[in-house]
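Below is data_24.txt, holding compact mmCIF, C-alpha atoms.
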```
# COMPACT_ATOMS: atom_id res chain seq x y z
CA MET A 1 -140.31 44.80 38.56
CA THR A 2 -142.94 42.15 39.28
CA GLU A 3 -143.77 39.33 36.95
CA SER A 4 -146.91 38.01 38.61
CA LEU A 5 -148.57 34.76 37.68
CA ARG A 6 -152.20 34.56 36.63
CA VAL A 7 -153.99 31.31 37.38
CA THR A 8 -157.38 30.31 36.01
CA VAL A 9 -159.25 27.08 36.63
CA GLU A 10 -161.67 25.03 34.58
CA ARG A 11 -163.58 22.62 36.81
CA GLN A 12 -165.02 19.45 35.33
CA GLU A 13 -166.54 16.35 36.87
CA GLY A 14 -163.79 14.70 38.93
CA PHE A 15 -160.94 16.73 37.55
CA ALA A 16 -159.77 20.27 36.83
CA ILE A 17 -157.51 22.07 34.42
CA VAL A 18 -155.32 24.83 35.85
CA TYR A 19 -154.06 27.39 33.34
CA THR A 20 -151.06 29.50 34.18
CA GLU A 21 -149.93 32.71 32.59
CA GLY A 22 -146.61 34.27 33.56
CA TYR A 23 -143.54 33.49 35.62
CA ILE A 24 -143.64 30.51 38.00
CA ASN A 25 -141.37 31.70 40.80
CA ASN A 26 -141.93 31.25 44.53
CA GLN A 27 -145.08 33.39 44.59
CA GLY A 28 -146.34 31.83 41.37
CA GLY A 29 -145.72 28.33 42.72
CA GLU A 30 -147.52 29.17 45.95
CA GLU A 31 -150.51 30.48 44.02
CA ILE A 32 -150.68 27.26 41.99
CA ALA A 33 -150.40 25.23 45.21
CA ARG A 34 -153.19 27.24 46.84
CA VAL A 35 -155.48 26.56 43.88
CA ALA A 36 -154.45 22.90 43.66
CA TYR A 37 -155.08 22.23 47.37
CA GLN A 38 -158.47 23.91 47.08
CA LEU A 39 -159.34 21.63 44.15
CA ILE A 40 -158.18 18.61 46.15
CA ASP A 41 -160.36 19.74 49.08
CA GLU A 42 -163.29 19.90 46.65
CA GLY A 43 -162.69 16.20 45.92
CA ARG A 44 -160.85 16.40 42.62
CA LYS A 45 -158.13 13.79 42.30
CA ILE A 46 -157.01 14.53 38.75
CA LEU A 47 -155.38 17.84 37.97
CA LEU A 48 -153.88 19.06 34.73
CA LEU A 49 -151.55 22.04 34.69
CA ASN A 50 -151.60 23.67 31.29
CA LEU A 51 -148.46 25.83 31.12
CA ASN A 52 -149.16 27.26 27.68
CA GLY A 53 -149.00 30.82 29.04
CA THR A 54 -145.78 30.26 31.00
CA LYS A 55 -142.44 30.78 29.31
CA ILE A 56 -140.19 31.01 32.37
CA VAL A 57 -140.02 29.13 35.64
CA ASN A 58 -137.43 28.90 38.36
CA SER A 59 -136.35 26.05 40.59
CA ILE A 60 -138.14 27.49 43.63
CA GLY A 61 -141.43 27.49 41.73
CA ILE A 62 -140.80 23.96 40.48
CA SER A 63 -139.99 22.81 44.04
CA ILE A 64 -143.48 23.89 45.02
CA LEU A 65 -144.93 21.95 42.07
CA ILE A 66 -143.06 18.90 43.41
CA GLU A 67 -144.89 19.37 46.72
CA ILE A 68 -148.19 19.30 44.86
CA ILE A 69 -147.10 16.09 43.12
CA GLU A 70 -146.24 14.57 46.52
CA LYS A 71 -149.67 15.56 47.82
CA MET A 72 -151.37 13.98 44.79
CA ILE A 73 -149.42 10.75 45.32
CA GLU A 74 -150.49 10.82 48.99
CA ILE A 75 -154.19 10.96 48.07
CA ASP A 76 -153.77 8.50 45.19
CA GLY A 77 -154.50 11.21 42.67
CA LYS A 78 -152.88 12.26 39.42
CA LEU A 79 -151.19 15.43 38.27
CA GLY A 80 -150.29 16.01 34.64
CA PHE A 81 -148.61 18.83 32.76
CA CYS A 82 -149.07 19.96 29.19
CA ASN A 83 -147.94 22.63 26.72
CA LEU A 84 -144.47 23.00 28.21
CA THR A 85 -141.78 24.88 26.32
CA ALA A 86 -138.81 22.69 25.38
CA THR A 87 -136.68 24.36 28.06
CA ILE A 88 -139.25 23.94 30.81
CA ALA A 89 -139.64 20.28 29.81
CA LYS A 90 -135.86 19.87 29.96
CA THR A 91 -135.76 21.53 33.39
CA PHE A 92 -138.53 19.23 34.65
CA GLU A 93 -136.47 16.32 33.35
CA ILE A 94 -133.35 17.54 35.18
CA MET A 95 -135.33 17.88 38.42
CA GLY A 96 -136.93 14.46 38.02
CA LEU A 97 -140.54 15.62 37.79
CA SER A 98 -141.19 13.35 34.84
CA GLN A 99 -140.70 10.33 37.13
CA TYR A 100 -143.72 11.26 39.24
CA ALA A 101 -146.01 13.28 36.98
CA GLN A 102 -147.10 12.73 33.40
CA ILE A 103 -146.08 15.27 30.78
CA PHE A 104 -148.14 15.61 27.61
CA PRO A 105 -147.61 17.69 24.47
CA ASP A 106 -151.10 19.22 24.51
CA GLU A 107 -154.34 19.37 26.44
CA ALA A 108 -156.28 16.84 24.34
CA GLN A 109 -153.61 14.17 24.77
CA ALA A 110 -153.28 15.03 28.45
CA LEU A 111 -156.99 14.62 29.14
CA ALA A 112 -157.09 11.33 27.23
CA GLY A 113 -153.99 10.07 29.04
CA LEU A 114 -155.01 11.11 32.53
CA ARG A 115 -158.54 9.70 32.17
CA THR A 116 -157.23 6.40 30.81
CA SER A 117 -154.72 5.97 33.60
CA ALA A 118 -157.22 6.99 36.34
CA MET B 1 -111.71 29.71 11.59
CA THR B 2 -112.88 30.83 15.01
CA GLY B 3 -111.50 33.23 17.55
CA ASN B 4 -112.07 34.42 21.06
CA ALA B 5 -112.24 38.18 20.57
CA VAL B 6 -114.88 39.92 22.64
CA LEU B 7 -117.32 41.24 20.07
CA ARG B 8 -119.82 42.67 22.51
CA GLU B 9 -119.84 43.09 26.28
CA VAL B 10 -122.47 44.20 28.76
CA THR B 11 -121.98 44.52 32.51
CA LEU B 12 -124.81 44.61 34.97
CA THR B 13 -124.96 45.13 38.73
CA LEU B 14 -128.13 43.75 40.23
CA PRO B 15 -129.47 44.48 43.70
CA MET B 16 -130.67 41.31 45.43
CA LEU B 17 -134.34 42.17 45.25
CA PRO B 18 -137.36 40.10 44.22
CA ASP B 19 -137.61 39.42 40.47
CA MET B 20 -134.28 41.12 39.66
CA GLU B 21 -133.26 37.83 38.05
CA VAL B 22 -135.80 38.62 35.35
CA ALA B 23 -133.89 41.80 34.47
CA ALA B 24 -130.72 39.73 34.08
CA SER B 25 -132.57 37.20 31.94
CA LYS B 26 -133.69 40.02 29.61
CA THR B 27 -130.09 41.11 29.07
CA ALA B 28 -129.10 37.50 28.39
CA THR B 29 -131.95 37.20 25.90
CA ALA B 30 -130.86 40.36 24.07
CA MET B 31 -127.27 39.11 23.78
CA ALA B 32 -128.35 35.65 22.60
CA GLU B 33 -130.73 37.21 20.05
CA TYR B 34 -127.87 39.38 18.76
CA MET B 35 -125.93 36.14 18.21
CA GLN B 36 -128.92 34.65 16.38
CA MET B 37 -129.24 31.67 18.69
CA THR B 38 -132.30 29.52 18.15
CA PRO B 39 -135.31 30.31 20.39
CA ASP B 40 -134.82 27.08 22.36
CA ARG B 41 -131.16 27.89 23.07
CA ILE B 42 -132.11 31.44 24.06
CA ASP B 43 -134.67 30.02 26.50
CA GLU B 44 -132.01 27.73 27.97
CA VAL B 45 -129.63 30.65 28.52
CA ARG B 46 -132.44 32.69 30.07
CA MET B 47 -133.36 29.92 32.49
CA ALA B 48 -129.72 29.30 33.46
CA VAL B 49 -129.22 33.00 34.19
CA ILE B 50 -132.32 33.03 36.37
CA GLU B 51 -131.00 30.07 38.37
CA ALA B 52 -127.53 31.58 38.76
CA CYS B 53 -129.02 34.84 40.07
CA ILE B 54 -131.38 33.07 42.45
CA ASN B 55 -128.50 30.99 43.82
CA ALA B 56 -126.57 34.16 44.58
CA PHE B 57 -129.63 35.94 46.01
CA GLU B 58 -130.52 33.05 48.30
CA HIS B 59 -127.27 31.49 49.37
CA SER B 60 -124.41 33.98 49.06
CA HIS B 61 -125.19 36.17 52.11
CA ALA B 62 -123.24 38.88 50.29
CA PRO B 63 -122.83 41.93 52.55
CA ASP B 64 -123.40 44.37 49.68
CA ARG B 65 -126.53 42.47 48.54
CA LYS B 66 -125.46 42.77 44.91
CA VAL B 67 -124.69 40.45 42.00
CA TYR B 68 -122.15 41.50 39.38
CA MET B 69 -122.75 40.12 35.91
CA THR B 70 -120.80 40.26 32.67
CA PHE B 71 -122.25 39.12 29.36
CA GLU B 72 -119.71 38.64 26.56
CA VAL B 73 -120.19 37.58 22.98
CA LEU B 74 -116.99 35.94 21.70
CA GLY B 75 -115.93 34.98 18.22
CA GLY B 76 -113.61 35.55 15.34
CA GLY B 77 -115.65 38.03 13.33
CA GLU B 78 -118.92 36.16 13.69
CA PRO B 79 -120.52 35.67 17.14
CA GLU B 80 -119.80 32.14 18.28
CA LEU B 81 -120.01 31.90 22.06
CA LEU B 82 -121.98 33.64 24.79
CA ARG B 83 -120.09 33.73 28.10
CA ILE B 84 -121.88 34.91 31.22
CA SER B 85 -120.21 35.56 34.53
CA VAL B 86 -122.24 35.86 37.74
CA ARG B 87 -120.24 37.04 40.75
CA ASP B 88 -121.14 37.70 44.35
CA THR B 89 -119.05 38.81 47.33
CA GLY B 90 -120.66 36.40 49.75
CA ILE B 91 -119.53 33.58 52.01
CA GLY B 92 -118.65 31.13 49.26
CA PHE B 93 -118.92 27.38 49.57
CA LYS B 94 -116.81 24.21 49.50
CA PRO B 95 -114.19 23.02 48.64
CA ALA B 96 -112.43 25.93 50.32
CA GLY B 97 -113.95 25.26 53.73
CA GLY B 98 -117.10 27.34 53.40
CA ARG B 99 -120.65 26.13 53.59
CA PRO B 100 -121.48 23.07 51.50
CA ALA B 101 -123.44 23.78 48.34
CA PRO B 102 -127.01 22.54 48.85
CA GLY B 103 -127.52 19.46 46.69
CA PRO B 104 -130.60 18.54 44.71
CA GLY B 105 -133.56 17.75 46.93
CA THR B 106 -132.15 19.46 50.04
CA ARG B 107 -135.05 20.75 52.13
CA ILE B 108 -134.80 24.54 52.59
CA GLY B 109 -137.67 26.41 54.20
CA GLY B 110 -139.94 23.39 53.83
CA THR B 111 -139.42 22.80 50.12
CA LYS B 112 -136.96 20.54 48.32
CA ARG B 113 -134.30 22.81 46.85
CA GLY B 114 -130.70 22.93 45.74
CA TRP B 115 -131.29 22.29 42.03
CA GLY B 116 -129.75 25.50 40.73
CA LEU B 117 -126.30 24.27 39.73
CA LYS B 118 -127.65 21.05 38.27
CA ILE B 119 -130.11 22.99 36.13
CA ILE B 120 -127.42 25.43 34.96
CA GLN B 121 -125.12 22.53 34.04
CA GLY B 122 -127.96 20.83 32.17
CA LEU B 123 -128.86 23.91 30.15
CA MET B 124 -125.47 25.44 29.32
CA ASP B 125 -122.59 23.98 27.29
CA SER B 126 -120.01 24.60 30.01
CA VAL B 127 -120.04 25.84 33.59
CA GLU B 128 -117.12 26.77 35.84
CA ILE B 129 -117.46 27.66 39.49
CA ASP B 130 -114.88 29.50 41.53
CA SER B 131 -115.77 29.77 45.19
CA ASN B 132 -113.74 30.49 48.30
CA ALA B 133 -114.74 30.73 51.93
CA GLY B 134 -115.40 34.40 52.55
CA GLY B 135 -114.23 35.30 49.07
CA GLY B 136 -117.46 35.07 47.19
CA THR B 137 -118.49 32.91 44.28
CA THR B 138 -118.17 33.36 40.54
CA VAL B 139 -120.11 31.18 38.13
CA VAL B 140 -118.95 31.39 34.51
CA MET B 141 -121.26 29.68 32.05
CA SER B 142 -121.04 29.49 28.29
CA LYS B 143 -123.20 28.51 25.39
CA ARG B 144 -122.28 28.25 21.74
CA ARG B 145 -124.41 29.97 19.12
CA SER B 146 -125.58 26.63 17.75
CA ALA B 147 -125.40 23.03 18.86
CA GLY B 148 -123.86 22.18 15.49
CA ALA B 149 -120.83 24.38 16.19
CA ASP B 150 -120.05 22.00 19.05
CA SER B 151 -116.72 20.85 20.33
CA ARG B 152 -114.62 21.85 17.31
CA GLU B 153 -115.30 25.54 17.91
CA ALA B 154 -115.18 25.18 21.68
CA GLY B 155 -111.72 23.67 21.33
CA GLU B 156 -110.58 26.57 19.18
CA LEU B 157 -111.99 29.06 21.67
CA ARG B 158 -110.05 27.52 24.51
CA ARG B 159 -106.71 27.91 22.70
```
Please re-express this file's structure in structure tokens.
Amino acid sequence: MTESLRVTVERQEGFAIVYTEGYINNQGGEEIARVAYQLIDEGRKILLLNLNGTKIVNSIGISILIEIIEKMIEIDGKLGFCNLTATIAKTFEIMGLSQYAQIFPDEAQALAGLRTSA
Amino acid sequence: MTGNAVLREVTLTLPMLPDMEVAASKTATAMAEYMQMTPDRIDEVRMAVIEACINAFEHSHAPDRKVYMTFEVLGGGEPELLRISVRDTGIGFKPAGGRPAPGPGTRIGGTKRGWGLKIIQGLMDSVEIDSNAGGGTTVVMSKRRSAGADSREAGELRR
């Protein structure tokens, strides 16, 4: 049984939106990290992860997201999340992600918030 | 009036293989749906089960490479409480002299890990851990059908 993660990217001037679909486990987290580091290498310092298509995550996957957050802090960039299920939001809260990354209810509010704070 | 009769029980033996935690989460979802938990509470149970399985997969070093799970719906006529037991036959951890449980933020394999128990405790209504050096670990976690049922029913169920 494999629940693979599908990642798609929308590139815009200076920032990018990463859409996920499926389970964020260790492989899923690594795929997101691969895409995020590629976007950083392209010069994008603002990333938004839209988790609308993700209903389950695990702590290994989230640990990898924390590494991406640390990388964004290192380069003085910003990483935001939007469209989280209530349980994923609660899990992020438990793991302290909300201290270092902004969490928005939807994409429109996320884009407005991330651009304002940039 | 509540009770603690077992209204429905499912047992599951999982091999410690990639993504097997998802199979366990599907059983948990089916049991929680049978109880008519709200979607958010079902999601919380599902996530807690995933974490409990991953903990066993990663840290137990169980020689049989298996996790033994029991899902029980308890109540007095109506389903009131979902109790899930996750048992491994691994090396166990403290306080009985085994390995220490990795705490939140512990670096394992390059990433900050050790959040499993904290997540389970945050998502479930109650969690009990029984672990002995060399004797394996059993995590028993429970969630009431609704948040409104709360401590009154939990108290009755403990009697």
Nearest to chain B by atom-to-atom distance, counting only C-alpha atoms, from A:Lys71, A:Lys78, A:Lys90, A:Arg6: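 Smallest distance to chain B is found for A:Lys90.
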Atom-to-atom span, CA of Thr29 (chain B) and CA of Phe71 (chain B), Å: 10.5 Å
Distance query Gly29 (chain A) at most 7 Å, all atoms listed in the file, self and fewer than 3 positions along chain excluded, as an NGL selection string: :A and (24-26 or 32-33 or 61-62 or 64-65)
Within 9 Å of chain A: residues of chain B, using all atoms listed in the file, as a PyMOL selection string: chain B and resi 18-20+22-23+40-41+43-44+46-47+50-51+54+104-105+111-116+118-119+122-123
Could the residues in this selection be written to a file with C-alpha atoms, as a PDB file, keeping the file's coordinate frame?
```
ATOM      1  CA  PRO B  18    -137.360  40.100  44.220  1.00  0.00           C
ATOM      2  CA  ASP B  19    -137.610  39.420  40.470  1.00  0.00           C
ATOM      3  CA  MET B  20    -134.280  41.120  39.660  1.00  0.00           C
ATOM      4  CA  VAL B  22    -135.800  38.620  35.350  1.00  0.00           C
ATOM      5  CA  ALA B  23    -133.890  41.800  34.470  1.00  0.00           C
ATOM      6  CA  ASP B  40    -134.820  27.080  22.360  1.00  0.00           C
ATOM      7  CA  ARG B  41    -131.160  27.890  23.070  1.00  0.00           C
ATOM      8  CA  ASP B  43    -134.670  30.020  26.500  1.00  0.00           C
ATOM      9  CA  GLU B  44    -132.010  27.730  27.970  1.00  0.00           C
ATOM     10  CA  ARG B  46    -132.440  32.690  30.070  1.00  0.00           C
ATOM     11  CA  MET B  47    -133.360  29.920  32.490  1.00  0.00           C
ATOM     12  CA  ILE B  50    -132.320  33.030  36.370  1.00  0.00           C
ATOM     13  CA  GLU B  51    -131.000  30.070  38.370  1.00  0.00           C
ATOM     14  CA  ILE B  54    -131.380  33.070  42.450  1.00  0.00           C
ATOM     15  CA  PRO B 104    -130.600  18.540  44.710  1.00  0.00           C
ATOM     16  CA  GLY B 105    -133.560  17.750  46.930  1.00  0.00           C
ATOM     17  CA  THR B 111    -139.420  22.800  50.120  1.00  0.00           C
ATOM     18  CA  LYS B 112    -136.960  20.540  48.320  1.00  0.00           C
ATOM     19  CA  ARG B 113    -134.300  22.810  46.850  1.00  0.00           C
ATOM     20  CA  GLY B 114    -130.700  22.930  45.740  1.00  0.00           C
ATOM     21  CA  TRP B 115    -131.290  22.290  42.030  1.00  0.00           C
ATOM     22  CA  GLY B 116    -129.750  25.500  40.730  1.00  0.00           C
ATOM     23  CA  LYS B 118    -127.650  21.050  38.270  1.00  0.00           C
ATOM     24  CA  ILE B 119    -130.110  22.990  36.130  1.00  0.00           C
ATOM     25  CA  GLY B 122    -127.960  20.830  32.170  1.00  0.00           C
ATOM     26  CA  LEU B 123    -128.860  23.910  30.150  1.00  0.00           C
TER      27      LEU B 123
END
```
For CA of Glu58 (chain B) and CA of Asp88 (chain B), the interatomic separation in Å (one decimal):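 Those two atoms sit 11.2 Å apart.
Shortest separation to Gly53 (chain A) among A:Gly14, A:Gly113, A:Gly22, A:Gly96 occurs at residue A:Gly22, atoms counted being all atoms listed in the file.
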d(CA of Val6 (chain B), CA of Gly76 (chain B)) in Å: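 Separating CA of Val6 (chain B) from CA of Gly76 (chain B) is a distance of 8.6 Å.
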Expected residue set, 9 Å radius at (-153.9, 18.7, 26.2), all atoms listed in the file, as a list in words: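 Residues close enough to count: Leu48, Asn50, Phe81, Cys82, Asn83, Phe104, Pro105, Asp106, Glu107, Ala108, Gln109, Ala110, Leu111 and Ala112 of chain A.
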